[in-house]
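The structure appears right after this line, and notes come after that.
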Amino acid sequence: MIEFKNVSFSYNTNEDKALDDVSFAIADQEWVSIIGHNGSGKSTIAKLLVGLLTANSGKIFYDGIILDEKSIDEIRKKVGIVFQNPDNQFVGYNVKYDIAFGLENQQVPREKMLELIKEYTLKVGMENELEREPQTLSGGQKQRVAIAGILALNCDIVILDEATSMLDPEGTEEIIKLIVELKEKYHKTIICITHDLALASKSDRVIVLKAGRVIKADKPAIIFQDRQLLQSSNLDMPFDLRIYHEAATIAKLNNNKELMEALWEYHLKK
Ligand SMILES: Nc1ncnc2c1ncn2[C@@H]1O[C@H](COP(=O)(O)OP(=O)(O)O)[C@@H](O)[C@H]1O
Ligand SMILES: [Mg+2]
């Protein structure tokens with residue numbers, strides 16, 4: 001379990017808080033989306049979770065162990081992060097060495113390393129691209145390599161920070177499929193930072209951030225029924241969800257329970 005307890009953080013002492021008294025808990029094997037407008041503090045949460053930043057006040061716990069200088073090395077082994085811009089996360093000059101780098105850091109023997117690289121590039125459909133240079137990969141392929149690296153490291157927790165934001169619809173679809181697999185097949189705990197509400201609707205729970213504060217945390221079905229909440233936090237609604245909410249404002253349509261249910265289901269399937 002991950003616990004964020006009354007965490008506040010400012011990048012500069014004279015500026016507004018990037019996070020203001022943020023608390024939430026995430027259970028093992030839960031898939032949680034963190035949504036919110038640009039600048040609402042989503043990436044700051046990700047950086048605090050992996051110890052790239054340190055809270056000004058409040059505490060972060062992993063399975064009851066407080067995240068601090070003493071525990072950070074052990075905790076980092078459990079948590080893998082995929083950043084928004086995949087170019088910033090490549091360290092190797094080709095796919096194989098990039099994944100190998102993470103494994104080398106954990107002192108995995110060479111034989112085992114090659115086995116793991118083969119196994120996990122196969123899982124993400126990148127087994128034929130081992131010699132490719134990162135610059136020559138598509139956005140979706142880069143994200144898939146990053147995910148293979150995390151799987152190879154056997155992290156229990158995967159944080160994806162806007163992993164689909166730079167991808168075309170096809171690349172986005174690939175990554176969504178992989179995230180579903182991370183949960184269902186690999187039983188990972190997934191923290192998915194996104195402003196793609198269609199992606200968030202597939203998760204177990206959604207935390208809504210606004211100006212550094214948690215304004216709501218609940219199941220997607222409840223969050224997405226709340227039109228006012230979505231509008232007030234400046235989130236773009238996907239087309240199918242917008243149709244649902246538009247229909248809800250028209251009494252004649254809204255009174256038709258079957259129609260409203262059908263529209264809601266249509267949105268869930270999209
Ligand atoms: N490196 C930084 N230095 C100063 N301010 C920053 C830095 N990174 C983010 N901020 C500010 O902190 C707030 C939260 O940012 P961030 O967590 O990146 O939001 P999000 O990921 O939701 O877009 C914003 O007001 C942003 O301008
Ligand atoms: Mg961000």
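Letters A, B, ... go to the chains of the structure tokens in the order shown; residues in each chain start at 1; ligands are counted from 1 in the same order.
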
* Let me have all residues with an atom within 8 Å of ligand 1, counting only C-alpha atoms and all ligand atoms, laid out as a VMD selection string. => chain A and resid 10 to 12 16 to 19 35 to 45 161 209 211 to 212

* Asked: Leaving out Leu114 of chain A and any residue of its chain fewer than 4 positions from it, which residues lie within 9 Å of it when counting only C-alpha atoms, given as a PyMOL selection string?
  -> chain A and resi 96+100+109-110+118-119

C-alpha atoms of the current selection, written as an mmCIF file, in the first residue's frame:
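File produced: out_12.cif:
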```cif
data_model
loop_
_atom_site.group_PDB
_atom_site.id
_atom_site.type_symbol
_atom_site.label_atom_id
_atom_site.label_comp_id
_atom_site.auth_asym_id
_atom_site.auth_seq_id
_atom_site.Cartn_x
_atom_site.Cartn_y
_atom_site.Cartn_z
ATOM 1 C CA LYS A 96 18.817 -3.914 -25.809
ATOM 2 C CA ALA A 100 20.245 -3.855 -19.867
ATOM 3 C CA PRO A 109 24.040 -11.622 -13.994
ATOM 4 C CA ARG A 110 24.647 -11.334 -17.754
ATOM 5 C CA LYS A 118 14.270 -11.380 -24.623
ATOM 6 C CA GLU A 119 11.288 -12.300 -22.473
#
```

* To do: Determine the nearest neighbour of Asp204 of chain A from the options A:Asp63, A:Glu15, A:Asp28, A:Glu258, counting only C-alpha atoms.
  =>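 Using only C-alpha atoms, the shortest distance to Asp204 of chain A belongs to A:Asp28.
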
* What separation in Å, quoted to one decimal, exists between atom CA of Phe224 of chain A and atom CA of Cys192 of chain A? ->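 Value for the atom CA of Phe224 of chain A-atom CA of Cys192 of chain A distance: 16.6 Å.
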
* Asked: Which is closest to ligand 2 among A:Phe9, A:Tyr97, A:Phe239, A:Ser165, if we use only C-alpha atoms and all ligand atoms?
  ->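 Residue with the minimum atom-to-atom distance to ligand 2: A:Ser165.
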
* **Spatial neighbours of Ala247 of chain A, max dist 12 Å, only C-alpha atoms, sep filter under 2 positions, as an NGL selection string** => :A and (227 or 240-245 or 249-257 or 259-264)

* For Val32 of chain A, which residue out of A:Gln89, A:Thr13, A:Gln231, A:Ser201 is the nearest one, using only C-alpha atoms? ->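 Once distances to Val32 of chain A are computed over only C-alpha atoms, the minimum belongs to A:Ser201.
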
Compile a residue-level contact table for segment 143-241 of chain A against segment 128-133 of chain A at a cut-off of 12 Å, reporting for every qualifying residue the shortest atom pair and its distance in Å to one decimal, with only C-alpha atoms counted, rows ordered by chain and ascending number, as a Markdown table.
```
| residue | atom | partner | partner_atom | distance |
| --- | --- | --- | --- | --- |
| A:Arg144 | CA | A:Glu129 | CA | 11.3 |
| A:Val145 | CA | A:Leu130 | CA | 9.5 |
| A:Ala148 | CA | A:Leu130 | CA | 11.6 |
```

Next, the residues of the selection above should be written as a short mmCIF file (atom, residue, chain, number, x, y, z; two decimals), in the first residue's frame with N, CA and C atoms.
```cif
data_model
loop_
_atom_site.label_atom_id
_atom_site.label_comp_id
_atom_site.auth_asym_id
_atom_site.auth_seq_id
_atom_site.Cartn_x
_atom_site.Cartn_y
_atom_site.Cartn_z
N ARG A 144 6.76 1.51 -25.13
CA ARG A 144 6.72 0.06 -24.91
C ARG A 144 8.07 -0.45 -24.41
N VAL A 145 9.15 0.14 -24.93
CA VAL A 145 10.49 -0.26 -24.45
C VAL A 145 10.63 0.12 -22.98
N ALA A 148 8.82 -2.39 -20.99
CA ALA A 148 9.58 -3.65 -20.94
C ALA A 148 10.67 -3.57 -19.89
#
```

* To do: Could you tell me which of A:Lys5, A:Lys185, A:Lys47, A:Lys202 comes closest to ligand 2 if we count only C-alpha atoms and all ligand atoms?
  =>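 With only C-alpha atoms and all ligand atoms as the atom set, the closest residue is A:Lys47.
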
* So which residues touch segment 68-77 of chain A within 9 Å, counting only C-alpha atoms, skipping near sequence neighbours fewer than 6 positions away, as a PyMOL selection string? -> chain A and resi 50-51+54+60+62+106+153-156

* For ligand 2, the nearest of the candidates A:His195, A:Lys59, A:Lys188, A:Lys123, counting only C-alpha atoms and all ligand atoms ->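 Looking at the shortest contact to ligand 2, the residue is A:His195.
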
* To do: List every residue of segment 71-267 of chain A that DSSP, applied to the backbone of this structure, assigns to strand (DSSP E), and report them as a PyMOL selection string.
  => chain A and resi 79-82+157-161+189-193+205-210+213-218

* From A:Ile157, A:Lys112, A:Gly58, A:Leu230, residue lying nearest Lys216 of chain A [only C-alpha atoms] ->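 Checking each candidate against Lys216 of chain A, we get A:Leu230 as the closest.
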
* **Spatial neighbours of Lys177 of chain A, max dist 12 Å, only C-alpha atoms, sep filter under 4 positions, as number ranges by chain** => A: 123-125, 140, 144, 164, 170-173, 181-185, 199, 202

* Any chance you could list, as a ChimeraX atom specification, the residues in segment 172-262 of chain A that come up helix (DSSP H, G or I) when DSSP is run on the backbone? => /A:172-184,197-200,220-225,227-232,239-248,251-254,257-262

Would you mind exporting C-alpha atoms of the selected residues as a PDB file, in the first residue's frame?
```
ATOM      1  CA  THR A 172      -2.365   5.201 -27.435  1.00  0.00           C
ATOM      2  CA  GLU A 173      -4.400   2.060 -28.046  1.00  0.00           C
ATOM      3  CA  GLU A 174      -1.232  -0.086 -27.815  1.00  0.00           C
ATOM      4  CA  ILE A 175      -0.242   1.444 -24.501  1.00  0.00           C
ATOM      5  CA  ILE A 176      -3.751   1.138 -23.048  1.00  0.00           C
ATOM      6  CA  LYS A 177      -3.715  -2.578 -23.892  1.00  0.00           C
ATOM      7  CA  LEU A 178      -0.355  -2.920 -22.170  1.00  0.00           C
ATOM      8  CA  ILE A 179      -1.554  -1.093 -19.059  1.00  0.00           C
ATOM      9  CA  VAL A 180      -4.563  -3.423 -18.830  1.00  0.00           C
ATOM     10  CA  GLU A 181      -2.109  -6.332 -19.082  1.00  0.00           C
ATOM     11  CA  LEU A 182       0.158  -4.848 -16.420  1.00  0.00           C
ATOM     12  CA  LYS A 183      -2.782  -5.031 -14.077  1.00  0.00           C
ATOM     13  CA  GLU A 184      -4.504  -8.230 -15.103  1.00  0.00           C
ATOM     14  CA  LEU A 197     -10.368  10.764 -19.502  1.00  0.00           C
ATOM     15  CA  ALA A 198     -11.044   7.793 -21.773  1.00  0.00           C
ATOM     16  CA  LEU A 199      -7.942   6.132 -20.339  1.00  0.00           C
ATOM     17  CA  ALA A 200      -8.812   7.160 -16.778  1.00  0.00           C
ATOM     18  CA  PRO A 220     -14.553   6.482 -12.580  1.00  0.00           C
ATOM     19  CA  ALA A 221     -18.306   5.922 -12.961  1.00  0.00           C
ATOM     20  CA  ILE A 222     -18.952   8.381 -10.132  1.00  0.00           C
ATOM     21  CA  ILE A 223     -16.339  10.939 -11.190  1.00  0.00           C
ATOM     22  CA  PHE A 224     -17.511  10.958 -14.798  1.00  0.00           C
ATOM     23  CA  GLN A 225     -21.161  11.395 -13.894  1.00  0.00           C
ATOM     24  CA  ARG A 227     -20.296  17.125 -15.045  1.00  0.00           C
ATOM     25  CA  GLN A 228     -19.713  20.139 -12.825  1.00  0.00           C
ATOM     26  CA  LEU A 229     -16.602  18.621 -11.323  1.00  0.00           C
ATOM     27  CA  LEU A 230     -15.152  17.839 -14.751  1.00  0.00           C
ATOM     28  CA  GLN A 231     -15.906  21.325 -16.014  1.00  0.00           C
ATOM     29  CA  SER A 232     -14.657  23.118 -12.942  1.00  0.00           C
ATOM     30  CA  PHE A 239     -16.757  13.135 -27.340  1.00  0.00           C
ATOM     31  CA  ASP A 240     -18.878  10.205 -26.170  1.00  0.00           C
ATOM     32  CA  LEU A 241     -18.888  11.392 -22.566  1.00  0.00           C
ATOM     33  CA  ARG A 242     -19.860  14.884 -23.745  1.00  0.00           C
ATOM     34  CA  ILE A 243     -22.852  13.440 -25.590  1.00  0.00           C
ATOM     35  CA  TYR A 244     -23.930  11.713 -22.388  1.00  0.00           C
ATOM     36  CA  HIS A 245     -23.702  14.910 -20.376  1.00  0.00           C
ATOM     37  CA  GLU A 246     -25.373  16.996 -23.094  1.00  0.00           C
ATOM     38  CA  ALA A 247     -28.270  14.539 -23.168  1.00  0.00           C
ATOM     39  CA  ALA A 248     -28.538  14.740 -19.399  1.00  0.00           C
ATOM     40  CA  ALA A 251     -35.234  16.751 -19.809  1.00  0.00           C
ATOM     41  CA  LYS A 252     -36.898  14.747 -22.571  1.00  0.00           C
ATOM     42  CA  LEU A 253     -33.743  12.675 -23.084  1.00  0.00           C
ATOM     43  CA  ASN A 254     -32.715  12.514 -19.463  1.00  0.00           C
ATOM     44  CA  LYS A 257     -33.656   5.933 -18.468  1.00  0.00           C
ATOM     45  CA  GLU A 258     -32.891   3.346 -21.112  1.00  0.00           C
ATOM     46  CA  LEU A 259     -31.416   5.910 -23.476  1.00  0.00           C
ATOM     47  CA  MET A 260     -29.239   7.428 -20.746  1.00  0.00           C
ATOM     48  CA  GLU A 261     -27.993   4.000 -19.729  1.00  0.00           C
ATOM     49  CA  ALA A 262     -27.223   3.148 -23.328  1.00  0.00           C
TER      50      ALA A 262
END
```

* To do: Please provide as JSON, numbers by chain all residues within 9 Å of Ala146 of chain A, with the sequence filter that same-chain residues fewer than 6 positions apart are discarded (counting only C-alpha atoms).
  => {"A": [81, 82, 83, 86, 89, 90, 98, 99]}

Keeping only N, CA and C atoms, write the selected residues as a tab-separated table (two decimals), in the first residue's frame.
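Final output, saved to result.tsv:
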```tsv
chain	number	residue	atom	x	y	z
A	81	ILE	N	9.05	4.06	-13.22
A	81	ILE	CA	8.33	5.22	-13.74
A	81	ILE	C	8.58	5.38	-15.24
A	82	VAL	N	7.51	5.65	-15.96
A	82	VAL	CA	7.60	5.94	-17.39
A	82	VAL	C	7.23	7.41	-17.56
A	83	PHE	N	8.15	8.18	-18.11
A	83	PHE	CA	7.92	9.62	-18.20
A	83	PHE	C	7.16	9.99	-19.48
A	86	PRO	N	9.42	10.15	-23.82
A	86	PRO	CA	10.25	8.94	-23.72
A	86	PRO	C	11.71	9.20	-24.04
A	89	GLN	N	14.13	9.29	-21.17
A	89	GLN	CA	14.39	8.15	-20.30
A	89	GLN	C	15.32	7.12	-20.93
A	90	PHE	N	15.74	7.37	-22.18
A	90	PHE	CA	16.66	6.42	-22.79
A	90	PHE	C	18.10	6.69	-22.37
A	98	ASP	N	19.54	-0.34	-23.56
A	98	ASP	CA	18.73	0.51	-22.69
A	98	ASP	C	18.09	-0.31	-21.56
A	99	ILE	N	17.53	-1.45	-21.91
A	99	ILE	CA	16.92	-2.30	-20.88
A	99	ILE	C	18.02	-2.90	-19.99
```
